[in-house]
Amino acid sequence: MKEGTTFENAIENVTTELKKEGFGILTEIDIQTTFKKKLDVDVNKYVILGACSPDYAYNALKEDSKLGVFLPCNVIVEELNNGRIEVSAIDPLAAMMAVDNIKVEIFAADIFQKMKNVINSL
C-alpha cells in the first residue's frame, strides 16, 4: 500500500478495487479481534476478506462442485511491524494446479489477472 495509508483506508481501497474487477466481499474475518477474544493475545491488525465473483463461482461450480473448497478467494490486509500495510491475494493458478479441467484453468487465469489488477492498483 502507499505510504501513510491507514488500515481502515486500505480495506476500503481493496474493497473498491475488487468491486471494479467484479468481486464482492462475502466474509470479513478480523484476526486481531478474534485472537484477542479467543486466545487473549495481541497481534497486528490483520483482516481476511473473502472475495467472490458470482459469475466465475457459478461457472466453476458447474464444472466441478468440489471447487467450493477454494471459494471465496481470500485477500488479506495486514499491518506489518513497521506500521506499513500489506495486501496479499490467493494465486488461483497455483490453487487449481491439481484440477484437471481446461475450463477451470481458464477461470483461474482470468481470476489471477483480476487479482493482479487489484494488487497493482494499490
# chains A, B, ... in the order shown; residues from 1 in each chain; ligands from 1

$ select_by_dssp --residues "region 22-112 of chain A" --states "alpha helix (DSSP H)" --output "ChimeraX atom specification"
/A:31-39,54-63,92-95,102-112

$ closest_atom_pairs --of "region 48-96 of chain A" --to "region 24-33 of chain A" --cutoff "7 Å" --atoms "only C-alpha atoms" --output "tab-separated table"
residue	atom	partner	partner_atom	distance
A:Ile48	CA	A:Ile29	CA	5.0
A:Leu49	CA	A:Glu28	CA	4.7
A:Gly50	CA	A:Thr27	CA	4.7
A:Ala51	CA	A:Ile25	CA	4.6
A:Cys52	CA	A:Gly24	CA	5.4
A:Ser53	CA	A:Gly24	CA	6.4

$ write_last_selection --atoms "C-alpha atoms" --output "PDB file, in the first residue's frame"
ATOM      1  CA  ILE A  48      -9.115 -11.731   5.728  1.00  0.00           C
ATOM      2  CA  LEU A  49     -11.567 -10.621   3.034  1.00  0.00           C
ATOM      3  CA  GLY A  50     -13.480 -13.381   1.283  1.00  0.00           C
ATOM      4  CA  ALA A  51     -13.900 -12.040  -2.257  1.00  0.00           C
ATOM      5  CA  CYS A  52     -16.261 -13.655  -4.728  1.00  0.00           C
ATOM      6  CA  SER A  53     -17.172 -13.090  -8.353  1.00  0.00           C
TER       7      SER A  53
END

$ select_by_dssp --residues "chain A" --states "strand (DSSP E or B)" --output "ChimeraX atom specification"
/A:24-30,46-52,73-79,85-89

$ residues_around --residues "region 78-95 of chain A" --least-positions-apart "4" --cutoff "7 Å" --atoms "only C-alpha atoms" --output "list in words"
Met1, Phe7, Asn44, Lys45, Tyr46, Val47, Cys73, Asn74, Ala108, Ala109, Ile111, Phe112 and Met115 of chain A

$ decode --residues "region 16-66 of chain A" --atoms "N, CA and C atoms" --output "short mmCIF file (atom, residue, chain, number, x, y, z; two decimals), in the first residue's frame"
data_model
loop_
_atom_site.label_atom_id
_atom_site.label_comp_id
_atom_site.auth_asym_id
_atom_site.auth_seq_id
_atom_site.Cartn_x
_atom_site.Cartn_y
_atom_site.Cartn_z
N THR A 16 -12.93 -1.51 -2.89
CA THR A 16 -13.28 -0.75 -4.09
C THR A 16 -12.65 -1.34 -5.34
N GLU A 17 -11.37 -1.68 -5.25
CA GLU A 17 -10.68 -2.25 -6.41
C GLU A 17 -11.21 -3.63 -6.76
N LEU A 18 -11.57 -4.41 -5.76
CA LEU A 18 -12.17 -5.72 -6.02
C LEU A 18 -13.51 -5.55 -6.75
N LYS A 19 -14.30 -4.58 -6.33
CA LYS A 19 -15.59 -4.32 -6.99
C LYS A 19 -15.38 -3.96 -8.45
N LYS A 20 -14.34 -3.18 -8.73
CA LYS A 20 -14.05 -2.81 -10.13
C LYS A 20 -13.77 -4.05 -10.98
N GLU A 21 -13.27 -5.09 -10.35
CA GLU A 21 -12.95 -6.33 -11.06
C GLU A 21 -14.08 -7.36 -10.98
N GLY A 22 -15.22 -6.95 -10.43
CA GLY A 22 -16.38 -7.83 -10.39
C GLY A 22 -16.52 -8.69 -9.15
N PHE A 23 -15.78 -8.37 -8.10
CA PHE A 23 -15.83 -9.15 -6.86
C PHE A 23 -16.59 -8.39 -5.78
N GLY A 24 -17.34 -9.14 -5.00
CA GLY A 24 -17.95 -8.61 -3.79
C GLY A 24 -17.29 -9.28 -2.60
N ILE A 25 -17.48 -8.72 -1.44
CA ILE A 25 -16.92 -9.28 -0.21
C ILE A 25 -18.01 -10.07 0.50
N LEU A 26 -17.81 -11.40 0.59
CA LEU A 26 -18.77 -12.27 1.27
C LEU A 26 -18.50 -12.37 2.76
N THR A 27 -17.21 -12.35 3.11
CA THR A 27 -16.83 -12.51 4.51
C THR A 27 -15.71 -11.53 4.84
N GLU A 28 -15.65 -11.17 6.10
CA GLU A 28 -14.56 -10.35 6.61
C GLU A 28 -14.22 -10.89 7.99
N ILE A 29 -13.02 -11.43 8.11
CA ILE A 29 -12.59 -12.03 9.37
C ILE A 29 -11.50 -11.16 9.98
N ASP A 30 -11.77 -10.63 11.15
CA ASP A 30 -10.83 -9.77 11.87
C ASP A 30 -10.00 -10.66 12.80
N ILE A 31 -8.82 -11.01 12.35
CA ILE A 31 -7.95 -11.91 13.10
C ILE A 31 -7.49 -11.27 14.41
N GLN A 32 -7.16 -10.00 14.39
CA GLN A 32 -6.68 -9.32 15.61
C GLN A 32 -7.73 -9.43 16.72
N THR A 33 -8.96 -9.10 16.41
CA THR A 33 -10.04 -9.15 17.41
C THR A 33 -10.32 -10.58 17.84
N THR A 34 -10.34 -11.50 16.89
CA THR A 34 -10.62 -12.90 17.19
C THR A 34 -9.56 -13.50 18.11
N PHE A 35 -8.28 -13.25 17.79
CA PHE A 35 -7.20 -13.80 18.63
C PHE A 35 -7.22 -13.18 20.03
N LYS A 36 -7.55 -11.90 20.13
CA LYS A 36 -7.61 -11.25 21.44
C LYS A 36 -8.74 -11.87 22.27
N LYS A 37 -9.89 -12.05 21.63
CA LYS A 37 -11.07 -12.58 22.34
C LYS A 37 -10.89 -14.05 22.71
N LYS A 38 -10.39 -14.86 21.77
CA LYS A 38 -10.32 -16.31 21.98
C LYS A 38 -9.05 -16.77 22.68
N LEU A 39 -7.94 -16.07 22.44
CA LEU A 39 -6.65 -16.51 22.97
C LEU A 39 -6.00 -15.52 23.93
N ASP A 40 -6.60 -14.33 24.04
CA ASP A 40 -6.04 -13.24 24.84
C ASP A 40 -4.59 -12.93 24.45
N VAL A 41 -4.36 -12.88 23.12
CA VAL A 41 -3.05 -12.49 22.61
C VAL A 41 -3.21 -11.26 21.72
N ASP A 42 -2.17 -10.46 21.69
CA ASP A 42 -2.17 -9.26 20.86
C ASP A 42 -1.37 -9.51 19.59
N VAL A 43 -1.99 -9.22 18.47
CA VAL A 43 -1.32 -9.31 17.17
C VAL A 43 -1.63 -8.04 16.40
N ASN A 44 -0.85 -7.79 15.36
CA ASN A 44 -1.10 -6.64 14.50
C ASN A 44 -2.45 -6.79 13.82
N LYS A 45 -2.95 -5.67 13.29
CA LYS A 45 -4.21 -5.70 12.55
C LYS A 45 -4.06 -6.63 11.36
N TYR A 46 -5.05 -7.47 11.16
CA TYR A 46 -5.00 -8.49 10.11
C TYR A 46 -6.43 -8.89 9.79
N VAL A 47 -6.85 -8.64 8.56
CA VAL A 47 -8.21 -8.96 8.14
C VAL A 47 -8.15 -9.83 6.89
N ILE A 48 -8.97 -10.87 6.89
CA ILE A 48 -9.12 -11.73 5.73
C ILE A 48 -10.44 -11.37 5.07
N LEU A 49 -10.37 -10.94 3.81
CA LEU A 49 -11.57 -10.62 3.03
C LEU A 49 -11.86 -11.79 2.11
N GLY A 50 -13.05 -12.30 2.17
CA GLY A 50 -13.48 -13.38 1.28
C GLY A 50 -14.15 -12.78 0.06
N ALA A 51 -13.40 -12.67 -1.04
CA ALA A 51 -13.90 -12.04 -2.26
C ALA A 51 -14.49 -13.08 -3.20
N CYS A 52 -15.60 -12.71 -3.83
CA CYS A 52 -16.26 -13.66 -4.73
C CYS A 52 -16.79 -12.92 -5.96
N SER A 53 -16.55 -13.52 -7.10
CA SER A 53 -17.17 -13.09 -8.35
C SER A 53 -18.28 -14.11 -8.64
N PRO A 54 -19.53 -13.72 -8.49
CA PRO A 54 -20.62 -14.69 -8.65
C PRO A 54 -20.59 -15.43 -9.99
N ASP A 55 -20.29 -14.72 -11.07
CA ASP A 55 -20.25 -15.37 -12.39
C ASP A 55 -19.20 -16.47 -12.43
N TYR A 56 -17.99 -16.14 -11.99
CA TYR A 56 -16.92 -17.14 -12.01
C TYR A 56 -17.23 -18.30 -11.05
N ALA A 57 -17.75 -17.96 -9.87
CA ALA A 57 -18.06 -19.01 -8.90
C ALA A 57 -19.13 -19.96 -9.46
N TYR A 58 -20.16 -19.40 -10.04
CA TYR A 58 -21.23 -20.21 -10.61
C TYR A 58 -20.70 -21.14 -11.69
N ASN A 59 -19.94 -20.57 -12.63
CA ASN A 59 -19.41 -21.38 -13.73
C ASN A 59 -18.41 -22.42 -13.26
N ALA A 60 -17.59 -22.07 -12.29
CA ALA A 60 -16.63 -23.04 -11.75
C ALA A 60 -17.35 -24.20 -11.07
N LEU A 61 -18.37 -23.88 -10.28
CA LEU A 61 -19.11 -24.93 -9.58
C LEU A 61 -19.91 -25.81 -10.55
N LYS A 62 -20.32 -25.25 -11.67
CA LYS A 62 -20.98 -26.07 -12.70
C LYS A 62 -19.99 -27.09 -13.27
N GLU A 63 -18.73 -26.71 -13.37
CA GLU A 63 -17.70 -27.60 -13.89
C GLU A 63 -17.34 -28.69 -12.90
N ASP A 64 -17.26 -28.29 -11.62
CA ASP A 64 -16.86 -29.24 -10.58
C ASP A 64 -17.36 -28.72 -9.23
N SER A 65 -18.34 -29.38 -8.68
CA SER A 65 -18.95 -28.91 -7.43
C SER A 65 -17.97 -28.88 -6.26
N LYS A 66 -16.89 -29.63 -6.35
CA LYS A 66 -15.90 -29.67 -5.27
C LYS A 66 -15.02 -28.43 -5.23
#
